[in-house]
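Okay, structure first, notes after.
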Amino acid sequence: PCNNVTGQCVIPCVPSCSGKACGSDGCGGTCGTCASGKTCNATGQCTCVPSCGGKSCGSNGCGGSCGTCTSGKACNATGQCVASCVPSCIGKACGSDGCGGSCGTCSSGKACNATGQCTTSCVPSCNGKQCGSDGCTGTCGTCSAGSTCVSGSCSPNSFPFKSDCPAWAKYGSSPPTKCSLPTDPQNRPPSAVETWFTEAVYNDLFPKANIGWGPNPCLPYSYQSFVIALRYFPAFATGYPVATQDPTGRPFPVTYTATQSARRTLAAFFAHAIQETGENNANLYSILSNTADADACFYRGGLFNWLEGGPSSSFVPHQPSSVADGASCNSGGLYCDNNSAYFFPCSTAKNGSWFQGCYFGRGAIQVSYNFNYGLFSRWLNQNGITHNGGPIDLLKEPNLLLTKTDPPLAMMASIWFFVTPQPPKPAMADIISGQWVPSPTNQQLGFYGPIFGPTSLIINNECNGEDATAPGGAGENRRIKAFRWFCGYFGVPTGDNLSCKGMSDLTVPNQYLSWDADWSTSWQNGPCQCAMATYSGLIPAFDPAVFPQHTSLNAGGKAWCEAALNGGWQAATTMCVGRNPGQCVATSAVVNETWCQAKGCPSSYCAIVSGSGTCSPSCVGKTCGNDGCGGSCGTCTSGTCSTTGQCVATCVPSCAGNCGDDGCGGSCGTCGSGQTCVSGVCTSTCTPSCTGKKCGDDGCGGSCGTCASGSACTTSGQCVASSNCTTDLGLVGYWGQNGAGGEGTLASYCAQHNFDVVIMSFMISFVDTRQSGAPDLNFANHCETAFTGYPYLLNCPQIGADITTCQQAGVKVMLSLGGAVGSYGFTSVAQAQTFAQTVWDMFGRGTGTTFPRPFGNAVLDGVDLDIEGGLPDGYAAFAVALRALAGPSFLISAAPQCVYPDAYVGPSTGKALGDAASSFSFVSVQFYNNWCGYNNPSSFWTTVGQWTTWASKVSPSLQVLVGLPAAPAAAGSGYVQPSLLPGILAQLVKYPNFGGIMLWDAGFDQANNYYSASVRTAFQAAAGPTCCVASCAGKVCGSDGCGGSCGNCTSGTCSSGQCVASCTPSCAGKQCGSDGCGGFCGVCSSGMLCNSSSWQCVSNTSCTTGGAPVAGRYQGIYIKTWDGGWTDSGVASLFAPVNGNGDMLFVTFFQPVPAGLDCPQQSPCSTLWSSAAGASVPASTVYKAA
């Protein structure tokens, strides 16, 4: 929006006061002010400011003293020692009278402030307590070694202390006698863990810490470091709110008390530390004859190593003897993930031959790779933790993770990693406490609630289970055994599911995983916007349905994403602006804030890169172009500057024909199916053949002959008696209602390869006035997130992706309207016709944008009418209108009950199958839950005859499918045992227009050992020779599919059954623009644009837009991942409207590339597909790929 004061366009600011009582909301507002006598600290908390200005005695205002008076003197109200004291309570309701007396006490819930007034505050109390919290931020005392604080009293603990383990190795030098002890610069309140987990307990558990020297406060793994780190994660290991169910409402199989939950969490944390950085001395089991003693010494070996590989690490120059030795490494310790380098660039600094950008594992639970160091750095800076007065940059100085002690990062990083989710991975702390949302499959497998097993999958993808022997092998085995041991030490149950063996993918269906460009707007010329995406990315997103306790992080993620986009991230794949192109793109040369702002980059982007150093210009290998820091490497005296910084001659493209190369890397057009480019002209490549055929198609639209009356042509080109023929039988299944529970994803169902068509169920309301007339969708637990502003219209990007996957596997996907429940129907014919347009726009190839598309760019193959309630009016008008919009290839089906005619759709006058039968592709008749099911054979065969006879009179191509339950539990009646299917199908294929079987539904099919496979086998047994079905539906020319003709064109040529005018491309006098037939006359080089009057390439500085866009002309075409199922001809149809008016095309491609994508020119396509996010893609390459 526009800042009305400065007149500048600014990135919107999202104010936040989460956890703050005072200070800034980050957007110029305030989170509150502090009462008199208090000041706002860096974390937004009101704290007392002690003051003794002018005082020699009395209170400092914060509970401390300004001094005491000598004998015979007393402290007066002004803080002076005087010979006698005059008490005074003027204006006071409480506190001191200045002479040791009281001016009163405050009522419950209030406290006396520095001015003697009772204010609402926290009243510390240690009444009857020896230890534990005072109810505010203080403590009532700590317990001595060997005892634990329980309900405010020190009680002897039952922890099995041990001090007689065999001697262990120590590495390096002994700890220094003087050092900078770990401190908390923010002075945060103690964690509740400190009340029971004392220093004595810590020292007993980790006597071998710090490469054998023990928990010394001068080394990273001390008790002092641990408790300071805990204070920055106040919910960690404190029991959480005691819960009995997970965030989805599913009851836990077992619940734990707050104390048990807290100690199980700490046991899980330490168990992983054993495997990650423990001594892991298996020889103890040979030295000690008693396994329990060996266990006790083995699992007291945690927190041993500082660096990955321990004292014998192969990464560092020599055996580490101090934490400083981790500052350098060889190439093996770099751990630089280039895919995340845009946000988390790896340092290239070196010390001699040794690298300093070393992101190998460090810390108790080791943090590794540049992206984890970068994310932890962000968290530190967001929480006000600084280094030497400035922001922390662990990417520049990764070894700070070990050396920094104010506060101690080694412990903090490990706890941060344990409590932070990285979608789709939940936080380990959330799993052990039960506050996570597992996928439906994992729930079925028993992986839900407060369990340990999945934490091993998250930390290192180790799911090999537990060994029978002790200590067993490394990996998950030792994590499990360590968890058992620590739970035993703390006296809490381990619970079930200690292993992740057998778990499925952690991703919940339709889960949002990352923040990325809002692809619905990113192609527009405006500020870049971000939206949550269902694929993994660099900026984590926290789906409210999966991470409800972490959604407060989304505002920061969205702001981060949008600042990055407006700063140049994804520059090669977005057209949105808000940046100066080429100036705000972060490269390997880092920039500082002054440089960033001087270039006109958004301040939000400059904040991301600030403090990173200075830009290093470079013109190595360049004669022109940018030096990487906004300067110039030179200009060209002639020609143009290429993207590699070389002066190249300006190329004049030429297209004499309608295809091939224009001579400058551009395209003159591509040929259609069955054609190839010869000398710039599209020429047919089809060679007709009738070898071995007596009838049918010759493969090029011609005929190999026709069969005599009473005979039909088989698909192999032979004439056989019509009575012996069967058409190709189809199998249709409904999916989406999870009827049997545990129904797999749409993609998994298509992958069974049993089905030709899958129908998603259901749209349960057509025109819902509660959401501006948008329809309602219901897919059970497969998709439960609605669009903003449309509470009943589901946003299902994962189903959209699955639709594309199914279509690529050859399975058609439809959507069923209606169902057994819901409120649907039409109030008029006009409403039904308008709704046809709505369906086409939301689920087909329509371009209307009244309502959002639930499946994104995925395009359905058809819709189904399963009308089982409401009024029958309007469905005929709907079917006719939809057929007119969608054309002949779009499937429209109905699912009537077997009773003939059906009460809602007919066939009868005034109903869809009566008045609009020719608009339907097939009908799936429900032969179940009725007297006409196979449970009543006589009625079954009678009604089969009625339906198939009706269909044969409508059209030879209108097929009737017999609907059956996929399992006995799927319906009240009508189930057919698999053994009976071949015999029934042998009879069904004799009925005219019988087309196959429909099954209800996917979940029951899956639960019944894939009943669909039995149907498919029965098809093969029952089928005779397959005969073609001649059809000219929607055609005016070309072949009918069986050797006959649908007509000839009087002019032009026949394309896809339609007569189209022949086009002669022309590029006479043109350097660029359209050839008038969908091809190009050339593409202008970098820095040049096409002048739409002269069709010449001119400098982009001399162009104007010519005012507002011309109605009906393309300014750009946006193709997203091809996930709409567009084929080459589909893309060609998009390009067809581009005419000689010079309309410009801009085509954007995105990863990942769908399997099987036909890439006409492999080399340019490969270059384009593999381009990293943000990389520059030459325009000529884009056009070539298109």
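Every chain in the structure tokens takes a letter, A first, then B, and so on in the order presented; its residues are numbered from 1, and the ligands are numbered from 1 following the presented order.
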List the neighbours of Gly730 in chain A out to 8 Å using only C-alpha atoms; skip same-chain residues closer than 3 positions along the sequence, and give me the result as a list in words.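 Here the qualifying residues turn out to be Phe755, Asp756, Val757, Gly995, Gly996 and Ile997 of chain A.
Within range 150-388 of chain A, the backbone-based DSSP assignment of strand (DSSP E) covers A:Val150, A:Ser153, A:Cys154, A:Ser155, A:Pro156, A:Lys350, A:Asn351, A:Trp354, A:Phe355, A:Thr386, A:His387.
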Name all residues at most 9 Å from range 855-869 of chain A (count only C-alpha atoms; drop same-chain ones fewer than 2 positions away) and give them as a ChimeraX atom specification. /A:759,762,794-804,807,812-825,839,842-845,852-853,871-872,875,889-897,903-905,923,1120,1122-1126
Do a neighbour search on Ala740 in chain A at 9 Å with only C-alpha atoms, toss out local chain neighbours closer than 2 positions, and write the hits as a VMD selection string. chain A and resid 737 to 738 742 to 743 969 to 970 1001 to 1007
Next, write the just-selected residues to a file, as a CSV table (one decimal), in the first residue's frame, keeping N, CA, C and O atoms as the atom set.
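And here is the file that came out, out_27.csv:
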chain,number,residue,atom,x,y,z
A,737,GLN,N,-15.1,-40.8,0.2
A,737,GLN,CA,-16.0,-40.8,1.4
A,737,GLN,C,-15.4,-41.7,2.5
A,737,GLN,O,-16.0,-41.7,3.6
A,738,ASN,N,-14.3,-42.4,2.3
A,738,ASN,CA,-13.7,-43.2,3.3
A,738,ASN,C,-14.7,-44.1,4.1
A,738,ASN,O,-14.7,-44.2,5.3
A,742,GLY,N,-9.7,-45.7,6.5
A,742,GLY,CA,-8.3,-46.0,6.0
A,742,GLY,C,-8.2,-45.9,4.5
A,742,GLY,O,-7.3,-46.5,3.9
A,743,GLU,N,-9.2,-45.3,3.8
A,743,GLU,CA,-9.1,-45.1,2.4
A,743,GLU,C,-7.8,-44.4,2.0
A,743,GLU,O,-7.5,-43.4,2.5
A,969,ALA,N,-20.0,-55.1,3.2
A,969,ALA,CA,-20.4,-54.0,4.1
A,969,ALA,C,-20.6,-52.7,3.4
A,969,ALA,O,-21.1,-51.7,4.0
A,970,ALA,N,-20.3,-52.6,2.1
A,970,ALA,CA,-20.5,-51.4,1.3
A,970,ALA,C,-21.9,-51.0,1.1
A,970,ALA,O,-22.3,-49.9,0.8
A,1001,ASP,N,-17.3,-48.5,-2.7
A,1001,ASP,CA,-16.5,-47.4,-3.2
A,1001,ASP,C,-15.0,-47.8,-3.0
A,1001,ASP,O,-14.7,-48.9,-2.6
A,1002,ALA,N,-14.1,-46.9,-3.1
A,1002,ALA,CA,-12.7,-47.2,-3.0
A,1002,ALA,C,-12.2,-47.8,-1.7
A,1002,ALA,O,-11.5,-48.7,-1.6
A,1003,GLY,N,-12.7,-47.2,-0.6
A,1003,GLY,CA,-12.4,-47.7,0.7
A,1003,GLY,C,-12.8,-49.1,1.0
A,1003,GLY,O,-12.0,-49.9,1.5
A,1004,PHE,N,-14.0,-49.4,0.5
A,1004,PHE,CA,-14.4,-50.8,0.7
A,1004,PHE,C,-13.7,-51.8,-0.3
A,1004,PHE,O,-13.4,-52.9,0.1
A,1005,ASP,N,-13.4,-51.3,-1.5
A,1005,ASP,CA,-12.6,-52.1,-2.4
A,1005,ASP,C,-11.2,-52.4,-1.8
A,1005,ASP,O,-10.8,-53.6,-1.8
A,1006,GLN,N,-10.6,-51.4,-1.2
A,1006,GLN,CA,-9.3,-51.6,-0.6
A,1006,GLN,C,-9.4,-52.6,0.6
A,1006,GLN,O,-8.5,-53.4,0.8
A,1007,ALA,N,-10.4,-52.4,1.4
A,1007,ALA,CA,-10.6,-53.3,2.6
A,1007,ALA,C,-10.9,-54.7,2.2
A,1007,ALA,O,-10.7,-55.6,3.0
If we count only C-alpha atoms and set the cut-off at 12 Å, which residues sit around Gln977 in chain A, ignoring sequence neighbours fewer than 5 positions away in its own chain? Please answer as a PDB file with C-alpha atoms, in the first residue's frame.
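And here is the file that came out, around_25.pdb:
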ATOM      1  CA  TYR A 934     -28.435 -59.348  -7.894  1.00  0.00           C
ATOM      2  CA  ASN A 935     -29.843 -60.537  -4.572  1.00  0.00           C
ATOM      3  CA  LEU A 964     -22.119 -53.190  -7.475  1.00  0.00           C
ATOM      4  CA  PRO A 965     -20.910 -52.896  -3.861  1.00  0.00           C
ATOM      5  CA  ALA A 966     -17.139 -53.436  -3.551  1.00  0.00           C
ATOM      6  CA  ALA A 967     -17.595 -55.361  -0.278  1.00  0.00           C
ATOM      7  CA  PRO A 968     -20.459 -56.911   1.699  1.00  0.00           C
ATOM      8  CA  PRO A 982     -17.237 -64.379 -14.640  1.00  0.00           C
ATOM      9  CA  GLY A 983     -20.635 -66.061 -15.164  1.00  0.00           C
ATOM     10  CA  ILE A 984     -22.589 -62.831 -14.649  1.00  0.00           C
ATOM     11  CA  ASN A1008     -11.877 -56.235   0.533  1.00  0.00           C
ATOM     12  CA  TYR A1011     -12.322 -56.573  -5.213  1.00  0.00           C
ATOM     13  CA  SER A1012     -11.741 -54.493  -8.352  1.00  0.00           C
ATOM     14  CA  SER A1014     -11.473 -59.734  -9.428  1.00  0.00           C
ATOM     15  CA  VAL A1015     -13.744 -57.659 -11.652  1.00  0.00           C
ATOM     16  CA  ALA A1018     -13.682 -61.462 -14.935  1.00  0.00           C
TER      17      ALA A1018
END
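Across the model, the gap from CA of Pro253 in chain A to CA of Pro450 in chain A is 8.7 Å.
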Got a sec: who's within 12 Å of Ile392 in chain A, counting only C-alpha atoms, leaving out chain neighbours fewer than 3 positions off, as a ChimeraX atom specification? /A:373-389,395-401,404,406-407,409,610-612
Using only C-alpha atoms, determine which residues lie at most 7 Å from Trp354 in chain A, disregarding the query and same-chain residues fewer than 2 positions distant; provide the list as an NGL selection string. :A and (328-330 or 350-352 or 356)
Go ahead and save the picked residues with all heavy atoms, as a CSV table (one decimal), in the first residue's frame.
chain,number,residue,atom,x,y,z
A,328,SER,N,37.9,-24.7,11.8
A,328,SER,CA,38.3,-25.0,10.5
A,328,SER,C,38.1,-26.5,10.1
A,328,SER,O,38.0,-27.3,11.0
A,328,SER,CB,39.8,-24.7,10.3
A,328,SER,OG,40.1,-23.3,10.6
A,329,CYS,N,38.0,-26.8,8.8
A,329,CYS,CA,37.7,-28.1,8.4
A,329,CYS,C,38.2,-28.4,7.0
A,329,CYS,O,38.5,-27.4,6.3
A,329,CYS,CB,36.2,-28.5,8.5
A,329,CYS,SG,35.2,-27.6,7.3
A,330,ASN,N,38.3,-29.6,6.6
A,330,ASN,CA,38.6,-29.9,5.2
A,330,ASN,C,37.2,-30.0,4.5
A,330,ASN,O,36.2,-29.7,5.0
A,330,ASN,CB,39.3,-31.3,5.1
A,330,ASN,CG,38.5,-32.4,5.8
A,330,ASN,OD1,37.3,-32.4,5.9
A,330,ASN,ND2,39.3,-33.4,6.3
A,350,LYS,N,38.6,-19.0,4.0
A,350,LYS,CA,39.5,-20.1,4.2
A,350,LYS,C,40.6,-19.5,5.1
A,350,LYS,O,40.9,-18.3,5.2
A,350,LYS,CB,40.1,-20.6,2.9
A,350,LYS,CG,39.1,-21.3,2.0
A,350,LYS,CD,39.8,-21.8,0.8
A,350,LYS,CE,40.6,-23.1,1.0
A,350,LYS,NZ,41.1,-23.7,-0.2
A,351,ASN,N,41.2,-20.4,5.9
A,351,ASN,CA,42.4,-20.1,6.7
A,351,ASN,C,43.5,-21.0,6.1
A,351,ASN,O,43.7,-22.2,6.5
A,351,ASN,CB,42.2,-20.4,8.1
A,351,ASN,CG,43.4,-20.1,9.0
A,351,ASN,OD1,44.4,-19.5,8.6
A,351,ASN,ND2,43.3,-20.5,10.3
A,352,GLY,N,44.3,-20.5,5.2
A,352,GLY,CA,45.3,-21.3,4.5
A,352,GLY,C,44.5,-22.3,3.6
A,352,GLY,O,43.7,-21.9,2.8
A,356,GLN,N,36.5,-22.4,6.5
A,356,GLN,CA,35.9,-21.9,7.7
A,356,GLN,C,34.4,-22.0,7.7
A,356,GLN,O,33.8,-21.9,8.7
A,356,GLN,CB,36.4,-20.5,8.0
A,356,GLN,CG,37.9,-20.4,8.3
A,356,GLN,CD,38.3,-19.0,8.6
A,356,GLN,OE1,38.3,-18.1,7.7
A,356,GLN,NE2,38.8,-18.7,9.8
